[in-house]
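Working notes, beginning with the structure itself.
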Amino acid sequence: MTSKSTAKTLVKTFLRTPHSLKTKFQAKQLLAQFLKTQPYSPSSTSILISVYSNFNLLHPSLFLFNSLNSPPLLAWKSIIKCYANSGHFLNSLTSFVQMRSFGIYPDPNMFPLVLKACVFLKNLRLGESIHGYIIRLGLDFDLFTGNALLNMYAKFQSLQPNGGRKVFAFNVFDGMPKSDELCGTSAQEKGASIIQLESMTKVLEMMPIRDVVSWNTVIAGNAQNGMYEEALRMVREMGNANMKPDSFTLSSVLPIFAEYVDAIKGKEIHGYAIRHWFDSDCYIASSLIDMYANCARIEDSCSVFNLLSKRDDISWNSIIAACVQNGVFDEGLKLFRQMLTAKVKPRDVTFSSIMPACAYLTTLHLGKQLHGYIIRGGFNDNMFIASSLVDMYAKCGNIKAARWIFDQMEHHDMVSWTAIIMGYALHGHAHDALLLFKQMEMDGFKPNYVSYIAVFTACSHAGLTDEAWRYFNSMSRNHGIKPGLEHYAAMADLLGRAGKLEEAYKFIGSMHIAPTGSIWSTLLSACKVHKNLELAEKVANEIFKVDPENVGAYVLMSNMYAAARRWKDAAKMRIFMRKKGIRKEPACSWIEVKNRVHTFISGDKSHPLYDRIFEALKDLLEQIEREGYIPDTNEDFHDVDEEQKKYMIFSHSERLALAFGIISTPAGTTIRITKNIRVCVDCHTAIKLISKVVQREIIVRDNSRFHHFKDGKCSCRDYW
């Protein structure tokens, strides 16, 4: 046999069994042999087009399609499929319309492709027109077409704020035959006459029952559009119809229990997954991790992750996000490193998840490393990652880097605007924050709930009372945003800092929602600063009504009683705390030096370099005393002599961290310290003078704001 006849035989074999082709290379070889050996034939050319469409080879498919004078149904179907699968949805729909203009009727397998194109083009009106055409053809009884219609309406439902299209999806679903319903004769006849099928048997084959995909499409559509009760009702109906939920069903339902924070129901689904061997499925595991994380059960999230034998990027991202979301930042960073070690490539969502951990722990060095990885990975153009970087740099004390990244962004969204405004607010640059807020409005962005929190924070840290009231009133009047707890807390803080204590008390009392202990606590702190013990007692009573375990309130009242020399009342508070087992959180500061975070507690001598730290502190004390420093012991309420009080202030955690930073870094290096509570007045004064004598910028982030100390001054202008 000659090589030409062998090639001819192979071509015929492949044309008879086109699915035996496994690779694109084989498909291209077939075309070459076909052109050499086969005479022109519309049917064989159409088969070859269908082969190419299966491999999404658009250009060879078009080459063959354009060679046909009157393309048959298979050729049209293949080219429509190839266009849709290659993302050319408009061309796909245009080809469908052209096919109809030639008088060729579609078969059922074409409609899922055409409906998919309508979804991607967001053209609901066209989708509804095609639905009408499907009904006229009698193909609304077809399983795959029905599922495609369900999917289309479920997707479009999310575009309708009032859920107006859900009725269509339910009508499609309710119109699909159940497992015990055969298709009627009239539908068969209509299908046979229009589609011109060869036998009644084929009509019956295209009139199947509802399958799991049908149920899953409706359940997922409801769940994704917030119609949780409807989704759960459909799950129950699915069981009544003797249909077993599969992994897709479970992954659609689990987010509902995460939203409802219902760990018990979530555990029931988890149990079902284990009994039916779905728990090893990465999608189910990721949904379980997310569900437990939303229910604040991070241990259960970690258990699900640890039991996974195979972990993909989705499961890694889920557990990292779960840890960060629940405040387990160190564990989140540890898992991120393990993910890199496991050679799993981070995605954009990975960086958006891990950045808040760097921001909270103020690990600027690690944040910079992640930034470098983002640039090398080509993620720096991603708006969400850029917004996370703005937030991270701002919270790690580098507001200049945050602003540079913000200015480099090609497009801004509400997240990036809010991140930079809040960054400036926390750093005490109130006027810059308010200018940015106005610029945001000029750029056409409508302020939201969170952006107003940033504005009130800026006003609070700068004492801009009148501006804050103006924004507070315009929030609901101009933008329809009802004040929430965070807005009230920021306004109460502002009035308290400004010394308007009675006004703040009335303001909190007039809230349209019940004030929490934390809102009253902001006023209690202001009472301490302004030494108003009478009002403080009234505020403390309000706190103990709503939050009897509020540690800060007991400590503040004890200190205020001690400052007023009401020793019995102070002792009473301490005894009550001891009986209740309420412990004061120890003052703690940390500093990052040479890629390692060092933690200090007030009075702690456990650091390996404590002797050098102590000597450095003594030396600094002598230098700042020459600059006029006099220790202020008014805020130390221990029942000890004055010298002992001076020593206690001398060994506050932020001073230990500062001394360590000075002896461990080159001269001129900026020192960044984080403290878990408010910086005391004496330390604030001392650090201002230390910044002058050592000629360094010192940035301290306490639980309220950033303090930038430089040349004997602080960015807060002593208003904090």
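Ligands are numbered from 1 in the order shown, residues from 1 within each chain, and chains are lettered A, B, ... in the order they appear in the structure tokens.
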Residues within 9 Å of stretch 474-484 of chain A, only C-alpha atoms, excluding chain neighbours under 3 positions, as a VMD selection string: chain A and resid 446 to 449 452 469 to 471 487 to 489 512 to 513
With only C-alpha atoms counted and 9 Å as the cut-off, give the residues of stretch 258-288 of chain A in contact with stretch 233-246 of chain A, each with its shortest interatomic distance in Å and the pair that gives it, as a Markdown table.
```
| residue | atom | partner | partner_atom | distance |
| --- | --- | --- | --- | --- |
| A:Ala273 | CA | A:Asp246 | CA | 8.8 |
| A:His276 | CA | A:Asp246 | CA | 8.9 |
| A:Phe278 | CA | A:Asp246 | CA | 8.0 |
```
Atom CA of A:Gly332 to atom CA of A:Arg701, straight-line distance in Å: 22.2 Å
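Using only C-alpha atoms, the nearest neighbour of A:Arg574 within the list A:Trp277, A:Gln439, A:Ala553, A:Tyr260 is A:Ala553.
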Backbone-only DSSP, helix (DSSP H, G or I) members of stretch 400-631 of chain A, as a PyMOL selection string: chain A and resi 400-408+414-426+430-442+449-462+465-479+485-497+501-509+517-529+533-546+551-563+567-580+610-626
C-alpha atoms of the current selection, written as a compact mmCIF listing (two decimals), in the first residue's frame:
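The result, written out as result-v3.txt:
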```
# COMPACT_ATOMS: atom_id res chain seq x y z
CA LYS A 400 4.73 58.61 52.12
CA ALA A 401 5.03 55.13 50.56
CA ALA A 402 1.27 54.68 50.91
CA ARG A 403 0.64 57.94 49.04
CA TRP A 404 3.18 57.06 46.33
CA ILE A 405 1.40 53.75 45.61
CA PHE A 406 -1.98 55.51 45.64
CA ASP A 407 -0.75 58.10 43.13
CA GLN A 408 0.68 55.34 40.89
CA MET A 414 -13.79 53.25 47.18
CA VAL A 415 -11.41 50.86 48.95
CA SER A 416 -8.27 52.67 47.79
CA TRP A 417 -9.75 56.11 48.52
CA THR A 418 -10.83 55.05 52.01
CA ALA A 419 -7.44 53.42 52.72
CA ILE A 420 -5.45 56.58 51.92
CA ILE A 421 -7.91 58.90 53.73
CA MET A 422 -7.81 56.70 56.86
CA GLY A 423 -4.01 56.52 56.56
CA TYR A 424 -3.69 60.30 56.68
CA ALA A 425 -6.25 60.45 59.50
CA LEU A 426 -4.30 58.00 61.70
CA ALA A 430 -6.35 65.80 59.08
CA HIS A 431 -6.37 68.54 56.45
CA ASP A 432 -4.78 66.24 53.86
CA ALA A 433 -7.38 63.57 54.71
CA LEU A 434 -10.27 66.02 54.23
CA LEU A 435 -8.81 67.34 50.96
CA LEU A 436 -8.61 63.77 49.67
CA PHE A 437 -12.21 63.18 50.73
CA LYS A 438 -13.32 66.22 48.71
CA GLN A 439 -11.21 65.06 45.75
CA MET A 440 -12.89 61.65 45.95
CA GLU A 441 -16.32 63.31 45.72
CA MET A 442 -15.16 65.48 42.79
CA TYR A 449 -20.18 54.11 55.60
CA VAL A 450 -16.45 53.42 56.01
CA SER A 451 -15.19 56.59 54.32
CA TYR A 452 -17.13 58.68 56.85
CA ILE A 453 -15.44 56.79 59.71
CA ALA A 454 -12.11 57.91 58.20
CA VAL A 455 -13.33 61.53 58.02
CA PHE A 456 -14.49 61.57 61.66
CA THR A 457 -11.19 59.97 62.74
CA ALA A 458 -9.29 62.75 60.95
CA CYS A 459 -11.41 65.44 62.59
CA SER A 460 -11.04 63.79 66.01
CA HIS A 461 -7.23 63.71 65.86
CA ALA A 462 -7.07 67.37 64.89
CA THR A 465 -15.28 69.92 65.88
CA ASP A 466 -17.24 72.19 63.54
CA GLU A 467 -16.11 70.31 60.41
CA ALA A 468 -17.02 66.99 62.03
CA TRP A 469 -20.56 68.17 62.83
CA ARG A 470 -20.97 69.39 59.26
CA TYR A 471 -19.94 66.01 57.86
CA PHE A 472 -22.04 64.14 60.44
CA ASN A 473 -25.19 66.02 59.43
CA SER A 474 -24.51 65.76 55.68
CA MET A 475 -23.89 62.00 55.92
CA SER A 476 -27.56 61.19 56.38
CA ARG A 477 -29.02 64.30 54.74
CA ASN A 478 -27.02 64.20 51.47
CA HIS A 479 -26.06 60.54 51.16
CA LEU A 485 -21.76 52.65 66.18
CA GLU A 486 -18.37 53.52 64.62
CA HIS A 487 -19.58 57.00 63.61
CA TYR A 488 -21.01 57.68 67.05
CA ALA A 489 -17.81 56.42 68.70
CA ALA A 490 -15.66 58.72 66.55
CA MET A 491 -17.88 61.74 67.30
CA ALA A 492 -17.91 60.97 71.03
CA ASP A 493 -14.12 60.68 70.93
CA LEU A 494 -13.87 64.01 69.11
CA LEU A 495 -16.05 65.85 71.64
CA GLY A 496 -14.23 64.23 74.55
CA ARG A 497 -10.77 65.18 73.25
CA LEU A 501 -17.62 66.36 78.03
CA GLU A 502 -21.22 67.27 78.84
CA GLU A 503 -22.01 67.66 75.13
CA ALA A 504 -20.47 64.24 74.49
CA TYR A 505 -22.54 62.71 77.32
CA LYS A 506 -25.78 64.11 75.88
CA PHE A 507 -24.76 63.07 72.37
CA ILE A 508 -24.24 59.43 73.41
CA GLY A 509 -27.50 59.45 75.36
CA GLY A 517 -19.49 49.88 76.44
CA SER A 518 -16.74 50.87 73.98
CA ILE A 519 -18.55 54.12 73.05
CA TRP A 520 -18.99 55.07 76.70
CA SER A 521 -15.31 54.13 77.27
CA THR A 522 -14.13 56.81 74.83
CA LEU A 523 -15.88 59.40 77.01
CA LEU A 524 -14.49 57.84 80.19
CA SER A 525 -10.95 58.21 78.80
CA ALA A 526 -11.69 61.87 78.05
CA CYS A 527 -12.95 62.35 81.60
CA LYS A 528 -9.62 61.04 82.88
CA VAL A 529 -7.63 63.37 80.61
CA LEU A 533 -14.29 62.53 88.21
CA GLU A 534 -17.96 63.40 88.80
CA LEU A 535 -18.94 62.76 85.17
CA ALA A 536 -16.59 59.77 85.02
CA GLU A 537 -18.60 58.02 87.75
CA LYS A 538 -21.83 58.52 85.79
CA VAL A 539 -20.18 57.23 82.60
CA ALA A 540 -18.67 54.23 84.42
CA ASN A 541 -22.13 53.25 85.70
CA GLU A 542 -23.41 53.29 82.12
CA ILE A 543 -20.50 51.08 81.05
CA PHE A 544 -21.03 48.53 83.83
CA LYS A 545 -24.73 48.25 82.86
CA VAL A 546 -23.97 47.14 79.29
CA VAL A 551 -11.43 45.86 82.14
CA GLY A 552 -10.44 49.32 80.90
CA ALA A 553 -13.29 51.01 82.78
CA TYR A 554 -12.26 49.44 86.12
CA VAL A 555 -8.61 50.41 85.60
CA LEU A 556 -9.47 53.99 84.58
CA MET A 557 -11.78 54.49 87.55
CA SER A 558 -9.21 53.01 89.93
CA ASN A 559 -6.56 55.39 88.57
CA MET A 560 -8.89 58.39 88.75
CA TYR A 561 -9.76 57.62 92.36
CA ALA A 562 -6.06 57.31 93.16
CA ALA A 563 -5.30 60.62 91.43
CA TRP A 567 -7.69 55.57 98.18
CA LYS A 568 -10.60 53.57 99.61
CA ASP A 569 -12.55 53.80 96.35
CA ALA A 570 -9.42 52.91 94.37
CA ALA A 571 -8.79 49.88 96.58
CA LYS A 572 -12.44 48.86 96.30
CA MET A 573 -12.12 48.81 92.51
CA ARG A 574 -8.93 46.72 92.66
CA ILE A 575 -10.48 44.20 95.09
CA PHE A 576 -13.59 43.89 92.92
CA MET A 577 -11.40 43.23 89.87
CA ARG A 578 -9.45 40.57 91.77
CA LYS A 579 -12.63 38.80 92.90
CA LYS A 580 -14.04 38.84 89.38
CA TYR A 610 18.80 44.44 78.95
CA ASP A 611 22.04 45.72 80.53
CA ARG A 612 22.94 47.67 77.39
CA ILE A 613 19.33 48.90 77.09
CA PHE A 614 19.39 50.13 80.72
CA GLU A 615 22.71 51.95 80.18
CA ALA A 616 21.38 53.56 77.00
CA LEU A 617 18.26 54.72 78.88
CA LYS A 618 20.38 56.28 81.64
CA ASP A 619 22.48 58.08 79.04
CA LEU A 620 19.37 59.33 77.23
CA LEU A 621 17.85 60.50 80.52
CA GLU A 622 20.93 62.62 81.27
CA GLN A 623 20.82 64.16 77.79
CA ILE A 624 17.12 65.07 77.84
CA GLU A 625 17.40 66.45 81.41
CA ARG A 626 19.94 68.93 80.01
```
Shell around stretch 285-291 of chain A at 8 Å using only C-alpha atoms, local window under 5 positions removed, as a PyMOL selection string: chain A and resi 251+254-255+257-258+261+263+266+270+279-280+300-302+304-305+308+314-315+318-319+322
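Taking atom CA of A:Ile320 and atom CA of A:Ile385 as the two end points, the separation is 15.6 Å.
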9 Å contact set for stretch 126-135 of chain A, only C-alpha atoms, chain neighbours under 4 positions out, as an NGL selection string: :A and (108 or 111 or 114-115 or 117-119 or 122 or 139-141 or 145 or 149 or 152-153)
For atom CA of A:Lys594 and atom CA of A:Phe329, the interatomic separation in Å (one decimal): 19.8 Å
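Considering the residues A:Asn216, A:Ile630, A:His365, A:Ile690 and counting only C-alpha atoms, A:Val597 has its shortest atom-to-atom contact with A:His365.
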Contacts of stretch 651-668 of chain A within 10 Å, only C-alpha atoms, excl. fewer than 3 positions in-chain, as number ranges by chain: A: 586-594, 598-605, 607, 609-610, 612-620, 646-648, 671-676, 679-680, 682-684, 686-687, 690, 694-700, 702
Those selected residues, please, written with C-alpha atoms and delivered as a PDB file, in the first residue's frame.
```pdb
ATOM      1  CA  PRO A 586       0.004  44.713  80.539  1.00  0.00           C
ATOM      2  CA  ALA A 587       1.527  47.604  78.603  1.00  0.00           C
ATOM      3  CA  CYS A 588       3.490  46.140  75.730  1.00  0.00           C
ATOM      4  CA  SER A 589       5.597  47.591  72.907  1.00  0.00           C
ATOM      5  CA  TRP A 590       7.359  45.942  70.000  1.00  0.00           C
ATOM      6  CA  ILE A 591       9.935  46.949  67.438  1.00  0.00           C
ATOM      7  CA  GLU A 592      11.210  45.253  64.276  1.00  0.00           C
ATOM      8  CA  VAL A 593      15.014  45.136  63.960  1.00  0.00           C
ATOM      9  CA  LYS A 594      16.913  43.075  61.372  1.00  0.00           C
ATOM     10  CA  HIS A 598      11.337  42.261  69.664  1.00  0.00           C
ATOM     11  CA  THR A 599       8.663  42.641  72.353  1.00  0.00           C
ATOM     12  CA  PHE A 600       8.994  44.595  75.601  1.00  0.00           C
ATOM     13  CA  ILE A 601       6.738  44.766  78.667  1.00  0.00           C
ATOM     14  CA  SER A 602       6.994  47.615  81.184  1.00  0.00           C
ATOM     15  CA  GLY A 603       9.618  46.849  83.829  1.00  0.00           C
ATOM     16  CA  ASP A 604      10.687  43.679  82.008  1.00  0.00           C
ATOM     17  CA  LYS A 605      14.383  42.724  82.382  1.00  0.00           C
ATOM     18  CA  HIS A 607      15.721  40.763  77.107  1.00  0.00           C
ATOM     19  CA  LEU A 609      20.534  42.971  75.889  1.00  0.00           C
ATOM     20  CA  TYR A 610      18.796  44.445  78.947  1.00  0.00           C
ATOM     21  CA  ARG A 612      22.938  47.666  77.387  1.00  0.00           C
ATOM     22  CA  ILE A 613      19.334  48.904  77.093  1.00  0.00           C
ATOM     23  CA  PHE A 614      19.394  50.126  80.722  1.00  0.00           C
ATOM     24  CA  GLU A 615      22.710  51.945  80.179  1.00  0.00           C
ATOM     25  CA  ALA A 616      21.379  53.557  77.005  1.00  0.00           C
ATOM     26  CA  LEU A 617      18.261  54.718  78.882  1.00  0.00           C
ATOM     27  CA  LYS A 618      20.379  56.278  81.642  1.00  0.00           C
ATOM     28  CA  ASP A 619      22.485  58.079  79.045  1.00  0.00           C
ATOM     29  CA  LEU A 620      19.372  59.333  77.229  1.00  0.00           C
ATOM     30  CA  LYS A 646      10.369  57.831  88.438  1.00  0.00           C
ATOM     31  CA  TYR A 647      12.036  54.447  87.954  1.00  0.00           C
ATOM     32  CA  MET A 648       8.727  52.868  86.913  1.00  0.00           C
ATOM     33  CA  ILE A 671      12.743  53.913  64.520  1.00  0.00           C
ATOM     34  CA  ARG A 672       9.218  52.442  64.397  1.00  0.00           C
ATOM     35  CA  ILE A 673       7.533  51.258  67.600  1.00  0.00           C
ATOM     36  CA  THR A 674       4.044  49.886  68.206  1.00  0.00           C
ATOM     37  CA  LYS A 675       2.315  50.040  71.599  1.00  0.00           C
ATOM     38  CA  ASN A 676      -0.882  48.245  72.608  1.00  0.00           C
ATOM     39  CA  VAL A 679       1.289  56.541  75.156  1.00  0.00           C
ATOM     40  CA  CYS A 680       1.489  58.252  78.562  1.00  0.00           C
ATOM     41  CA  ASP A 682       5.602  61.611  80.354  1.00  0.00           C
ATOM     42  CA  CYS A 683       6.805  59.187  77.666  1.00  0.00           C
ATOM     43  CA  HIS A 684       5.396  61.473  74.987  1.00  0.00           C
ATOM     44  CA  ALA A 686      10.554  62.254  76.789  1.00  0.00           C
ATOM     45  CA  ILE A 687      10.416  60.813  73.240  1.00  0.00           C
ATOM     46  CA  ILE A 690      15.016  62.044  72.585  1.00  0.00           C
ATOM     47  CA  VAL A 694      19.687  61.574  68.830  1.00  0.00           C
ATOM     48  CA  GLN A 695      18.681  63.343  65.579  1.00  0.00           C
ATOM     49  CA  ARG A 696      16.295  60.598  64.471  1.00  0.00           C
ATOM     50  CA  GLU A 697      12.697  60.331  63.388  1.00  0.00           C
ATOM     51  CA  ILE A 698      10.789  58.136  65.839  1.00  0.00           C
ATOM     52  CA  ILE A 699       7.362  56.814  64.844  1.00  0.00           C
ATOM     53  CA  VAL A 700       5.181  55.393  67.605  1.00  0.00           C
ATOM     54  CA  ASP A 702      -0.371  53.450  69.958  1.00  0.00           C
TER      55      ASP A 702
END
```
